[in-house]
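*Asks:* Just query_24.cif, nothing more (mmCIF, C-alpha atoms, pLDDT in the B column; chains and numbers go by the auth columns):
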```
data_start
loop_
_atom_site.group_PDB
_atom_site.id
_atom_site.type_symbol
_atom_site.label_atom_id
_atom_site.label_comp_id
_atom_site.label_asym_id
_atom_site.label_seq_id
_atom_site.Cartn_x
_atom_site.Cartn_y
_atom_site.Cartn_z
_atom_site.B_iso_or_equiv
_atom_site.auth_seq_id
_atom_site.auth_asym_id
ATOM 1 C CA MET A 1 103.619 106.285 78.533 73.00 2 A
ATOM 2 C CA ILE A 2 103.532 109.356 80.759 81.00 3 A
ATOM 3 C CA GLY A 3 106.493 110.108 82.999 80.00 4 A
ATOM 4 C CA ILE A 4 105.817 112.460 85.897 82.00 5 A
ATOM 5 C CA ASP A 5 108.391 114.004 88.206 80.00 6 A
ATOM 6 C CA ALA A 6 108.388 117.087 90.410 81.00 7 A
ATOM 7 C CA ASN A 7 112.030 117.695 89.453 81.00 8 A
ATOM 8 C CA ILE A 8 112.565 118.888 85.891 80.00 9 A
ATOM 9 C CA ARG A 9 116.211 117.747 85.612 81.00 10 A
ATOM 10 C CA PRO A 10 115.511 114.001 85.367 74.00 11 A
ATOM 11 C CA LEU A 11 112.671 114.710 82.948 74.00 12 A
ATOM 12 C CA ALA A 12 114.905 116.764 80.663 76.00 13 A
ATOM 13 C CA LYS A 13 117.539 114.046 80.573 73.00 14 A
ATOM 14 C CA ILE A 14 115.138 111.188 79.817 73.00 15 A
ATOM 15 C CA SER A 15 113.077 113.186 77.335 72.00 16 A
ATOM 16 C CA GLU A 16 116.154 113.537 75.126 72.00 17 A
ATOM 17 C CA LYS A 17 116.330 109.758 74.867 70.00 18 A
ATOM 18 C CA ILE A 18 112.826 109.313 73.445 70.00 19 A
ATOM 19 C CA TYR A 19 114.005 110.556 70.066 68.00 20 A
ATOM 20 C CA ARG A 20 116.384 107.633 69.635 70.00 21 A
ATOM 21 C CA ARG A 21 115.409 104.654 67.502 68.00 22 A
ATOM 22 C CA THR A 22 113.125 102.334 69.441 67.00 23 A
ATOM 23 C CA GLY A 23 115.851 99.670 69.457 70.00 24 A
ATOM 24 C CA LYS A 24 118.101 102.109 71.321 66.00 25 A
ATOM 25 C CA GLY A 25 115.536 103.107 73.931 64.00 26 A
ATOM 26 C CA GLY A 26 113.460 105.604 71.980 66.00 27 A
ATOM 27 C CA ALA A 27 109.727 105.858 72.492 70.00 28 A
ATOM 28 C CA THR A 28 107.278 107.468 70.109 71.00 29 A
ATOM 29 C CA ASN A 29 104.433 107.436 72.623 74.00 30 A
ATOM 30 C CA ALA A 30 106.102 109.144 75.585 75.00 31 A
ATOM 31 C CA LEU A 31 105.008 112.298 77.340 74.00 32 A
ATOM 32 C CA PHE A 32 106.779 113.878 80.293 77.00 33 A
ATOM 33 C CA LEU A 33 105.119 116.144 82.810 79.00 34 A
ATOM 34 C CA GLN A 34 106.674 118.165 85.594 84.00 35 A
ATOM 35 C CA ALA A 35 104.201 118.006 88.457 84.00 36 A
ATOM 36 C CA THR A 36 103.817 116.831 92.001 85.00 37 A
ATOM 37 C CA VAL A 37 101.350 114.112 92.830 83.00 38 A
ATOM 38 C CA GLU A 38 99.286 116.745 94.617 84.00 39 A
ATOM 39 C CA GLU A 39 98.994 118.814 91.415 85.00 40 A
ATOM 40 C CA LEU A 40 98.173 116.257 88.733 86.00 41 A
ATOM 41 C CA PRO A 41 95.908 117.701 86.050 87.00 42 A
ATOM 42 C CA ASP A 42 92.308 116.520 85.754 90.00 43 A
ATOM 43 C CA GLU A 43 93.042 115.433 82.161 90.00 44 A
ATOM 44 C CA LEU A 44 94.964 112.466 83.587 90.00 45 A
ATOM 45 C CA SER A 45 91.905 111.077 85.408 92.00 46 A
ATOM 46 C CA ASN A 46 91.305 107.432 84.434 93.00 47 A
ATOM 47 C CA ALA A 47 94.222 107.602 81.983 92.00 48 A
ATOM 48 C CA ALA A 48 96.540 104.959 83.433 92.00 49 A
ATOM 49 C CA ASP A 49 96.587 101.236 82.904 95.00 50 A
ATOM 50 C CA GLU A 50 99.693 101.078 85.105 94.00 51 A
ATOM 51 C CA VAL A 51 101.238 103.379 87.700 94.00 52 A
ATOM 52 C CA HIS A 52 104.805 102.750 88.837 91.00 53 A
ATOM 53 C CA ILE A 53 106.338 104.655 91.731 92.00 54 A
ATOM 54 C CA GLN A 54 109.978 103.716 92.009 88.00 55 A
ATOM 55 C CA PHE A 55 112.220 104.919 94.814 88.00 56 A
ATOM 56 C CA PRO A 56 110.281 108.056 95.801 90.00 57 A
ATOM 57 C CA TRP A 57 111.912 110.663 97.996 88.00 58 A
ATOM 58 C CA GLY A 58 110.788 113.806 99.755 90.00 59 A
ATOM 59 C CA SER A 59 107.087 114.529 99.996 90.00 60 A
ATOM 60 C CA LEU A 60 106.160 111.674 97.646 92.00 61 A
ATOM 61 C CA LEU A 61 107.990 109.182 99.869 94.00 62 A
ATOM 62 C CA ARG A 62 106.190 110.541 102.915 94.00 63 A
ATOM 63 C CA ALA A 63 102.831 110.347 101.148 95.00 64 A
ATOM 64 C CA VAL A 64 103.092 106.785 99.825 96.00 65 A
ATOM 65 C CA ALA A 65 104.932 105.396 102.877 96.00 66 A
ATOM 66 C CA THR A 66 102.420 106.795 105.349 96.00 67 A
ATOM 67 C CA GLY A 67 99.346 106.185 103.198 96.00 68 A
ATOM 68 C CA GLU A 68 98.245 109.834 102.996 96.00 69 A
ATOM 69 C CA GLU A 69 94.601 109.679 102.000 96.00 70 A
ATOM 70 C CA VAL A 70 94.658 112.697 99.670 94.00 71 A
ATOM 71 C CA ILE A 71 97.608 111.292 97.724 94.00 72 A
ATOM 72 C CA LEU A 72 96.223 107.762 97.530 96.00 73 A
ATOM 73 C CA LYS A 73 92.906 109.134 96.272 95.00 74 A
ATOM 74 C CA GLY A 74 94.861 111.128 93.676 92.00 75 A
ATOM 75 C CA LEU A 75 96.727 108.012 92.555 94.00 76 A
ATOM 76 C CA ARG A 76 93.451 106.105 92.344 96.00 77 A
ATOM 77 C CA ARG A 77 91.991 108.946 90.252 93.00 78 A
ATOM 78 C CA LEU A 78 94.758 108.370 87.686 93.00 79 A
ATOM 79 C CA CYS A 79 93.890 104.704 87.344 95.00 80 A
ATOM 80 C CA ARG A 80 91.390 103.053 85.098 95.00 81 A
ATOM 81 C CA SER A 81 89.456 100.198 86.613 94.00 82 A
ATOM 82 C CA GLU A 82 91.786 97.231 87.173 95.00 83 A
ATOM 83 C CA ALA A 83 94.891 99.404 86.584 96.00 84 A
ATOM 84 C CA ARG A 84 98.050 98.065 88.179 97.00 85 A
ATOM 85 C CA LEU A 85 99.883 100.033 90.876 96.00 86 A
ATOM 86 C CA GLU A 86 103.449 99.111 91.740 95.00 87 A
ATOM 87 C CA LEU A 87 105.264 100.872 94.567 95.00 88 A
ATOM 88 C CA LEU A 88 108.958 100.342 95.302 91.00 89 A
ATOM 89 C CA ILE A 89 110.599 102.078 98.267 92.00 90 A
ATOM 90 C CA GLY A 90 114.327 101.590 98.797 87.00 91 A
ATOM 91 C CA PHE A 91 115.697 102.629 102.178 88.00 92 A
ATOM 92 C CA ASP A 92 118.520 102.084 104.640 86.00 93 A
ATOM 93 C CA SER A 93 117.228 102.295 108.229 85.00 94 A
ATOM 94 C CA GLU A 94 120.510 103.702 109.539 87.00 95 A
ATOM 95 C CA GLN A 95 121.742 105.847 106.672 88.00 96 A
ATOM 96 C CA ASP A 96 118.324 107.353 105.893 90.00 97 A
ATOM 97 C CA SER A 97 117.095 107.627 109.493 91.00 98 A
ATOM 98 C CA SER A 98 117.322 111.413 109.816 93.00 99 A
ATOM 99 C CA GLU A 99 115.540 112.035 106.493 92.00 100 A
ATOM 100 C CA LEU A 100 112.829 109.475 107.273 93.00 101 A
ATOM 101 C CA ALA A 101 112.322 111.086 110.690 93.00 102 A
ATOM 102 C CA ARG A 102 112.193 114.563 109.118 95.00 103 A
ATOM 103 C CA LEU A 103 109.506 113.347 106.708 94.00 104 A
ATOM 104 C CA GLY A 104 107.532 111.660 109.485 94.00 105 A
ATOM 105 C CA VAL A 105 107.936 108.188 107.986 94.00 106 A
ATOM 106 C CA PRO A 106 107.629 105.540 110.717 92.00 107 A
ATOM 107 C CA GLU A 107 109.800 102.468 110.955 90.00 108 A
ATOM 108 C CA LEU A 108 109.144 100.553 107.751 91.00 109 A
ATOM 109 C CA ALA A 109 108.758 97.093 109.212 91.00 110 A
ATOM 110 C CA ALA A 110 106.696 94.142 108.000 92.00 111 A
ATOM 111 C CA SER A 111 104.117 94.725 110.751 95.00 112 A
ATOM 112 C CA TYR A 112 103.700 98.360 109.658 95.00 113 A
ATOM 113 C CA LEU A 113 103.101 97.248 106.085 95.00 114 A
ATOM 114 C CA ARG A 114 100.509 94.680 107.148 96.00 115 A
ATOM 115 C CA ASP A 115 98.717 96.686 109.843 96.00 116 A
ATOM 116 C CA THR A 116 98.874 100.254 108.512 96.00 117 A
ATOM 117 C CA LEU A 117 99.951 100.658 104.907 96.00 118 A
ATOM 118 C CA VAL A 118 97.988 97.844 103.259 97.00 119 A
ATOM 119 C CA PRO A 119 94.705 98.910 104.940 98.00 120 A
ATOM 120 C CA ALA A 120 95.321 102.543 103.862 98.00 121 A
ATOM 121 C CA TYR A 121 95.695 101.532 100.214 98.00 122 A
ATOM 122 C CA GLN A 122 92.641 99.270 100.446 98.00 123 A
ATOM 123 C CA ALA A 123 90.550 102.063 101.978 98.00 124 A
ATOM 124 C CA ASN A 124 91.444 104.281 99.027 97.00 125 A
ATOM 125 C CA GLY A 125 90.411 102.001 96.189 97.00 126 A
ATOM 126 C CA PHE A 126 93.241 99.508 95.707 98.00 127 A
ATOM 127 C CA GLU A 127 93.026 95.726 95.962 98.00 128 A
ATOM 128 C CA ILE A 128 96.381 94.505 97.264 97.00 129 A
ATOM 129 C CA GLU A 129 97.897 91.718 95.213 97.00 130 A
ATOM 130 C CA ASP A 130 101.217 91.346 97.014 95.00 131 A
ATOM 131 C CA TYR A 131 103.493 93.259 99.375 95.00 132 A
ATOM 132 C CA GLY A 132 106.628 92.704 101.388 93.00 133 A
ATOM 133 C CA MET A 133 110.227 93.573 102.054 90.00 134 A
ATOM 134 C CA LEU A 134 113.280 92.320 100.164 82.00 135 A
ATOM 135 C CA ALA A 135 117.058 92.507 100.532 75.00 136 A
ATOM 136 C CA PRO A 136 118.928 94.036 97.548 70.00 137 A
ATOM 137 C CA SER A 137 120.027 90.640 96.248 70.00 138 A
ATOM 138 C CA LYS A 138 116.363 89.650 95.904 71.00 139 A
ATOM 139 C CA TRP A 139 115.183 92.833 94.170 68.00 140 A
ATOM 140 C CA PRO A 140 113.383 92.348 90.910 65.00 141 A
ATOM 141 C CA GLN A 141 115.278 93.413 87.836 68.00 142 A
ATOM 142 C CA ILE A 142 114.472 97.089 87.770 71.00 143 A
ATOM 143 C CA GLU A 143 115.992 98.750 84.752 68.00 144 A
ATOM 144 C CA SER A 144 117.179 102.071 86.070 69.00 145 A
ATOM 145 C CA SER A 145 120.582 103.455 86.961 69.00 146 A
ATOM 146 C CA TRP A 146 119.235 104.494 90.363 71.00 147 A
ATOM 147 C CA ALA A 147 118.031 100.960 91.153 71.00 148 A
ATOM 148 C CA THR A 148 121.425 99.574 90.138 70.00 149 A
ATOM 149 C CA LYS A 149 123.181 102.044 92.427 72.00 150 A
ATOM 150 C CA LEU A 150 120.891 101.328 95.378 71.00 151 A
ATOM 151 C CA ARG A 151 121.086 97.563 94.879 68.00 152 A
ATOM 152 C CA ARG A 152 124.841 97.644 95.576 71.00 153 A
ATOM 153 C CA ARG A 153 124.308 98.537 99.230 68.00 154 A
ATOM 154 C CA SER A 154 123.710 95.395 101.230 66.00 155 A
ATOM 155 C CA THR A 155 122.037 97.260 104.119 77.00 156 A
ATOM 156 C CA ARG A 156 119.393 98.818 101.865 81.00 157 A
ATOM 157 C CA LYS A 157 115.953 97.191 101.856 85.00 158 A
ATOM 158 C CA LEU A 158 113.135 97.325 99.376 87.00 159 A
ATOM 159 C CA ILE A 159 109.477 97.583 100.276 91.00 160 A
ATOM 160 C CA TYR A 160 107.167 96.619 97.465 93.00 161 A
ATOM 161 C CA LEU A 161 103.447 96.798 97.109 95.00 162 A
ATOM 162 C CA ARG A 162 101.500 95.603 94.076 96.00 163 A
ATOM 163 C CA ALA A 163 97.825 96.405 93.774 97.00 164 A
ATOM 164 C CA ASN A 164 95.008 96.819 91.300 97.00 165 A
ATOM 165 C CA ALA A 165 92.550 99.676 91.189 97.00 166 A
ATOM 166 C CA ALA A 166 89.194 98.461 92.434 94.00 167 A
#
```
Would you mind giving the structure from this file in structure tokens?
*Replies:*
Amino acid sequence: MIGIDANIRPLAKISEKIYRRTGKGGATNALFLQATVEELPDELSNAADEVHIQFPWGSLLRAVATGEEVILKGLRRLCRSEARLELLIGFDSEQDSSELARLGVPELAASYLRDTLVPAYQANGFEIEDYGMLAPSKWPQIESSWATKLRRRSTRKLIYLRANAA
């Protein structure tokens, strides 16, 4: 498992936990890397069987929510053939409106997913398995404190996209 985050603070916190016994959340095969998606090292090319992007913010949110070609090509470069990509974007249209506008993220509606985002991922080497939008009560069981916190807000929505590297 390789955890990547542009912010070192979450990486430092989680990396302490890998030394616990495996029954208590430890992991002997974990590596953490501070990097942005734009700066991923070449050594990670074709390294991933799975890529999970959960609740991105900032430039990563902009990139995956607008289907930036350079970023999608970079994500595809990480993936082995048939690797699974799972994207989860949690947002509140009202509460997050100024940040989404600042980032240049358009209204995240079902029609935008179908007409813009899905074709962008397909054009960059991903076969879409499933996508959609869910209310918090319908979110899959995501085991993270951030997901738990976000799930409590009834106005928050979740966009999900599941794909396989072509």
*Asks:* I'd like the neighbourhood of range 49-53 of chain A as number ranges by chain, where a residue qualifies if any of its atoms comes within 12 Å (using all atoms listed in the file), though same-chain residues fewer than 3 positions away should be ignored.
*Replies:* A: 2-6, 38, 44-46, 56-57, 65, 73, 75-90, 127, 143, 161-166
*Asks:* The residues within 12 Å of (113.9, 114.3, 74.8), using all atoms listed in the file and the coordinates of the file, should be reported as a list of chain:residue names; which are they?
*Replies:*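 Residues satisfying the cut-off, written out: A:Gly4, A:Arg10, A:Pro11, A:Leu12, A:Ala13, A:Lys14, A:Ile15, A:Ser16, A:Glu17, A:Lys18, A:Ile19, A:Tyr20, A:Arg21, A:Gly26, A:Gly27, A:Ala28, A:Thr29, A:Asn30, A:Ala31, A:Leu32, A:Phe33.
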*Asks:* Rounded to one decimal in Å, what is the spacing between CA of Leu109 in chain A and CA of Lys74 in chain A?
*Replies:*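 Going from CA of Leu109 in chain A over to CA of Lys74 in chain A, I get 21.7 Å.
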*Asks:* Could you jot down the CA of Gln55 in chain A to CA of Arg153 in chain A separation for me, Å, one decimal place?
*Replies:*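 One can read the CA of Gln55 in chain A to CA of Arg153 in chain A distance as 16.4 Å.
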*Asks:* Give me the box for range 74-80 of chain A as AutoDock Vina command-line options, namely the centre and edge lengths in Å to one decimal of a box along x, y and z that holds every listed atom plus 8 Å on each side.
*Replies:*
```
--center_x 94.4 --center_y 107.9 --center_z 91.8 --size_x 20.7 --size_y 22.4 --size_z 24.9
```
*Asks:* Neighbours of Ser60 in chain A within 12 Å (all atoms listed in the file; same-chain residues fewer than 6 positions away dropped), as a PyMOL selection string?
*Replies:* chain A and resi 6-7+37-39+66-69+72+100-101+103-106
*Asks:* Generate the output file for the selected residues, C-alpha atoms, as a PDB file, in the frame of the given file.
*Replies:*
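The result, written out as again-v9.pdb:
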```pdb
ATOM      1  CA  ASP A   6     108.391 114.004  88.206  1.00 80.00           C
ATOM      2  CA  ALA A   7     108.388 117.087  90.410  1.00 81.00           C
ATOM      3  CA  THR A  37     103.817 116.831  92.001  1.00 85.00           C
ATOM      4  CA  VAL A  38     101.350 114.112  92.830  1.00 83.00           C
ATOM      5  CA  GLU A  39      99.286 116.745  94.617  1.00 84.00           C
ATOM      6  CA  ALA A  66     104.932 105.396 102.877  1.00 96.00           C
ATOM      7  CA  THR A  67     102.420 106.795 105.349  1.00 96.00           C
ATOM      8  CA  GLY A  68      99.346 106.185 103.198  1.00 96.00           C
ATOM      9  CA  GLU A  69      98.245 109.834 102.996  1.00 96.00           C
ATOM     10  CA  ILE A  72      97.608 111.292  97.724  1.00 94.00           C
ATOM     11  CA  GLU A 100     115.540 112.035 106.493  1.00 92.00           C
ATOM     12  CA  LEU A 101     112.829 109.475 107.273  1.00 93.00           C
ATOM     13  CA  ARG A 103     112.193 114.563 109.118  1.00 95.00           C
ATOM     14  CA  LEU A 104     109.506 113.347 106.708  1.00 94.00           C
ATOM     15  CA  GLY A 105     107.532 111.660 109.485  1.00 94.00           C
ATOM     16  CA  VAL A 106     107.936 108.188 107.986  1.00 94.00           C
TER      17      VAL A 106
END
```
